[in-house]
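Visitor: Questions regarding the structure given below will be posed in turn.
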Amino acid sequence: MRIDVFSIFPEYLAALDLSLIGKARQKGLLEVSVHDLRDFAFDRHRSVDDTPYGGGAGMVMKPEPWALALTSVLPDDGAAAEPDSRPVLVVPSPAGRVFDQALAYELAEEEHLAFACGRYEGIDERVLEWAAERFRVMPVSLGDYVLNGGEVAVLAMVEAIGRLVPGVIGNPMSLVEESHSDGLLEYPVYTKPASWRGYDVPEVLLGGNHAAIEAFRREEQLRRTASRRPEMLDGRDAADLSRQDLAVASGLGYSVVDGKLRPPAE
Ligand code: JCZ
């Protein structure tokens, strides 16, 4: 997978050289290039921002450096032959589709991703219109809070996407079991010592009864999800849950109405 990131703070993306993503780059599984947007600004001060039409606070990113920068990673400079062959251009924005594990899986299938990190009050809207003829443009939000720019969102997204690319994670089984892949939070984990400062590892985990361990972990997943993220259980198709799951959910006050799980009335 090829990834191009555009930013006026390319040093911000230095973390992509480290750890998992850095190793995947060394292995040739990910080809990540970070581009300084200022290298595509050719006026006296290499300016990338200007005042907003219509007034208002702050500055807006000028369109021309973006067009030059984005064009530099396209095969030629014409529009793509087939619409679906266009690279995806992810544009971090608090007004975008919220990034989640399903979107990470979708983007992990792509051959070429580009990320446009905005700063100030954002990028001139015409850049997105221009880019839509050359990229599949996707405004994406990391979550419902406001950052100062797109860089931190891109770090998170590249890590979440990159680790799903085949070969990047050493043991692919760890991808199957993890949080959100089955719509439940993860079970708690413990290591030695079995007793620590008066806190004990649950007894069942110390024995070799694998069926009991699996049942315990599944119950903990359901308990945690009900307590921390109840919206993840509300409306769940009861057919997707085992008899044991339903017994645990019932113990937590959940009921099944029209085949769907419903939380306790309160
Ligand atoms: C550019 N401010 C780009 C994204 N989820 C989320 N929160 N905030 C952002 C974001 C903020 C920005 C820019 C200027 C993304």
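By convention here, the chains of the structure tokens are called A, B, ... in the order presented, each chain's residues are numbered starting at 1, and ligands are numbered starting at 1 in the order presented.
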So which residues of stretch 201-260 of chain A fall under strand (DSSP E or B) by DSSP, listed as a PyMOL selection string?
Guide: chain A and resi 237+255-257+260
Visitor: Would you list the residues that come within 8 Å of ligand 1? Count only C-alpha atoms and all ligand atoms and give the answer as a ChimeraX atom specification.
Guide: /A:91-96,98,117-123,140-151,153
Visitor: Using the chain letters and numbers from this document, which residues of stretch 107-147 of chain A does DSSP assign to alpha helix (DSSP H), as a ChimeraX atom specification?
Guide: /A:107-108,125-131
Visitor: Could you write out the selected residues, including N, CA, C and O atoms, as a tab-separated table (two decimals), in the first residue's frame?
Guide:
chain	number	residue	atom	x	y	z
A	107	LEU	N	-10.43	1.00	4.15
A	107	LEU	CA	-9.28	1.74	3.59
A	107	LEU	C	-8.05	0.85	3.49
A	107	LEU	O	-7.18	1.09	2.65
A	108	ALA	N	-7.99	-0.20	4.33
A	108	ALA	CA	-6.84	-1.12	4.29
A	108	ALA	C	-6.80	-1.92	2.98
A	108	ALA	O	-5.78	-2.50	2.64
A	125	GLU	N	-12.60	25.37	0.04
A	125	GLU	CA	-13.52	24.29	-0.34
A	125	GLU	C	-13.34	23.85	-1.79
A	125	GLU	O	-13.59	22.68	-2.13
A	126	ARG	N	-12.88	24.76	-2.67
A	126	ARG	CA	-12.74	24.40	-4.08
A	126	ARG	C	-11.68	23.33	-4.30
A	126	ARG	O	-11.71	22.61	-5.31
A	127	VAL	N	-10.76	23.19	-3.36
A	127	VAL	CA	-9.74	22.13	-3.48
A	127	VAL	C	-10.42	20.76	-3.48
A	127	VAL	O	-10.06	19.86	-4.24
A	128	LEU	N	-11.44	20.61	-2.64
A	128	LEU	CA	-12.13	19.32	-2.56
A	128	LEU	C	-12.91	19.04	-3.85
A	128	LEU	O	-12.97	17.89	-4.31
A	129	GLU	N	-13.47	20.10	-4.46
A	129	GLU	CA	-14.20	19.93	-5.73
A	129	GLU	C	-13.23	19.56	-6.84
A	129	GLU	O	-13.48	18.65	-7.64
A	130	TRP	N	-12.09	20.28	-6.89
A	130	TRP	CA	-11.06	19.99	-7.89
A	130	TRP	C	-10.54	18.58	-7.69
A	130	TRP	O	-10.39	17.79	-8.63
A	131	ALA	N	-10.30	18.22	-6.46
A	131	ALA	CA	-9.69	16.91	-6.15
A	131	ALA	C	-10.64	15.77	-6.47
A	131	ALA	O	-10.19	14.66	-6.81
Visitor: Could you tell me how far atom CA of A:Gln101 lies from atom CA of A:Ile8, in Å and to one decimal?
Guide: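 These atoms are spaced 27.7 Å apart.
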Visitor: Please provide the set of residues having any atom within 8 Å of A:Asp84, restricted to only C-alpha atoms, with same-chain residues fewer than 2 positions apart removed, written as a list of chain:residue names.
Guide: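 The filter keeps A:Glu82, A:Arg86, A:Arg136.
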Visitor: Using only C-alpha atoms for the distances, tell me which of A:Met232, A:Ala238, A:Leu30, A:Val201 is nearest to A:Val189.
Guide: A:Val201
Visitor: What does the distance between atom CA of A:Leu222 and atom CA of A:Asp237 come to in Å, to one decimal place?
Guide: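 It comes out at 14.3 Å.
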Visitor: Between atom CA of A:Tyr105 and atom CA of A:Gly235, what is the spacing in Å?
Guide: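 Pair atom CA of A:Gly235 / atom CA of A:Tyr105 returns 23.4 Å.
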Visitor: Within 12 Å of stretch 11-18 of chain A, counting only C-alpha atoms, which residues qualify if same-chain residues fewer than 3 places away don't, as an MDAnalysis selection string?
Guide: chainID A and resid 3:8 21:26 30:36 115 117 149:160 162:163
Visitor: Write the residues of the selection above to a file with C-alpha atoms, as a compact mmCIF listing (two decimals), in the first residue's frame.
Guide:
# COMPACT_ATOMS: atom_id res chain seq x y z
CA ILE A 3 0.40 6.37 1.50
CA ASP A 4 1.08 10.05 0.77
CA VAL A 5 0.61 12.59 3.57
CA PHE A 6 0.54 16.36 2.97
CA SER A 7 1.17 18.78 5.83
CA ILE A 8 2.77 22.12 6.64
CA ILE A 21 4.41 1.22 10.88
CA GLY A 22 8.15 1.88 10.63
CA LYS A 23 8.85 -1.87 10.46
CA ALA A 24 6.16 -2.37 7.83
CA ARG A 25 7.82 0.35 5.80
CA GLN A 26 11.18 -1.40 6.16
CA LEU A 30 3.81 0.15 3.33
CA GLU A 31 5.36 2.90 1.26
CA VAL A 32 4.73 6.10 3.24
CA SER A 33 5.79 9.53 1.94
CA VAL A 34 5.30 12.73 3.90
CA HIS A 35 5.23 15.90 1.80
CA ASP A 36 5.71 19.49 2.98
CA PHE A 115 -4.10 12.35 3.44
CA CYS A 117 -3.77 17.72 6.71
CA GLY A 149 -5.14 20.45 12.44
CA GLY A 150 -5.34 17.14 10.63
CA GLU A 151 -1.94 15.71 11.62
CA VAL A 152 -2.91 13.93 14.84
CA ALA A 153 -5.97 12.46 13.12
CA VAL A 154 -3.75 11.16 10.29
CA LEU A 155 -1.33 9.53 12.74
CA ALA A 156 -4.21 7.66 14.32
CA MET A 157 -5.79 6.66 11.01
CA VAL A 158 -2.54 5.51 9.36
CA GLU A 159 -1.79 3.36 12.41
CA ALA A 160 -5.29 1.85 12.48
CA GLY A 162 -1.63 0.15 8.39
CA ARG A 163 -1.84 -2.60 10.99
Visitor: Using only C-alpha atoms, find the one residue out of A:Pro75, A:Pro172, A:Gly208, A:Pro52 that sits nearest to A:Asp124.
Guide: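 Distance minimum relative to A:Asp124 lands on A:Pro52.
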Visitor: Taking into account only C-alpha atoms, which residue in the set A:Ala102, A:Val48, A:Leu184, A:Ala247 is nearest to A:Glu64?
Guide: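 Looking at the shortest contact to A:Glu64, the residue is A:Val48.
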Visitor: Compile the contact shell of stretch 252-257 of chain A as a VMD selection string: residues with an atom at most 8 Å away, counting only C-alpha atoms, same-chain residues fewer than 5 positions apart removed.
Guide: chain A and resid 223 226 238 262 to 264
Visitor: For the residues in that selection, give me N, CA, C and O atoms as a short mmCIF file (atom, residue, chain, number, x, y, z; two decimals), in the first residue's frame.
Guide:
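Full text of part14.cif as output:
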data_model
loop_
_atom_site.label_atom_id
_atom_site.label_comp_id
_atom_site.auth_asym_id
_atom_site.auth_seq_id
_atom_site.Cartn_x
_atom_site.Cartn_y
_atom_site.Cartn_z
N ARG A 223 -20.29 -7.81 30.05
CA ARG A 223 -20.44 -6.93 31.23
C ARG A 223 -19.84 -5.56 30.96
O ARG A 223 -20.43 -4.51 31.24
N ALA A 226 -21.84 -3.58 28.34
CA ALA A 226 -23.09 -3.08 28.92
C ALA A 226 -22.80 -1.88 29.82
O ALA A 226 -23.54 -0.90 29.83
N ALA A 238 -30.69 -10.61 18.52
CA ALA A 238 -30.51 -11.68 19.51
C ALA A 238 -30.01 -12.96 18.85
O ALA A 238 -29.35 -13.78 19.49
N ARG A 262 -32.69 -5.35 24.22
CA ARG A 262 -33.05 -4.03 24.76
C ARG A 262 -32.52 -3.89 26.19
O ARG A 262 -32.59 -4.85 26.96
N PRO A 263 -32.01 -2.70 26.53
CA PRO A 263 -31.40 -2.49 27.84
C PRO A 263 -32.45 -2.46 28.96
O PRO A 263 -33.64 -2.30 28.68
N PRO A 264 -32.00 -2.59 30.22
CA PRO A 264 -32.92 -2.46 31.34
C PRO A 264 -33.63 -1.12 31.29
O PRO A 264 -33.04 -0.12 30.86
#
Visitor: From the list A:Glu110, A:Asp100, A:Asp49, A:Asp43, which residue is nearest A:Met1 when using only C-alpha atoms?
Guide: A:Glu110
Visitor: Quick one: of A:Leu206, A:Ser72, A:Gly28, A:Ser19, who's nearest to A:Phe40, counting only C-alpha atoms?
Guide: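 Of all the options, A:Ser72 lies closest to A:Phe40.
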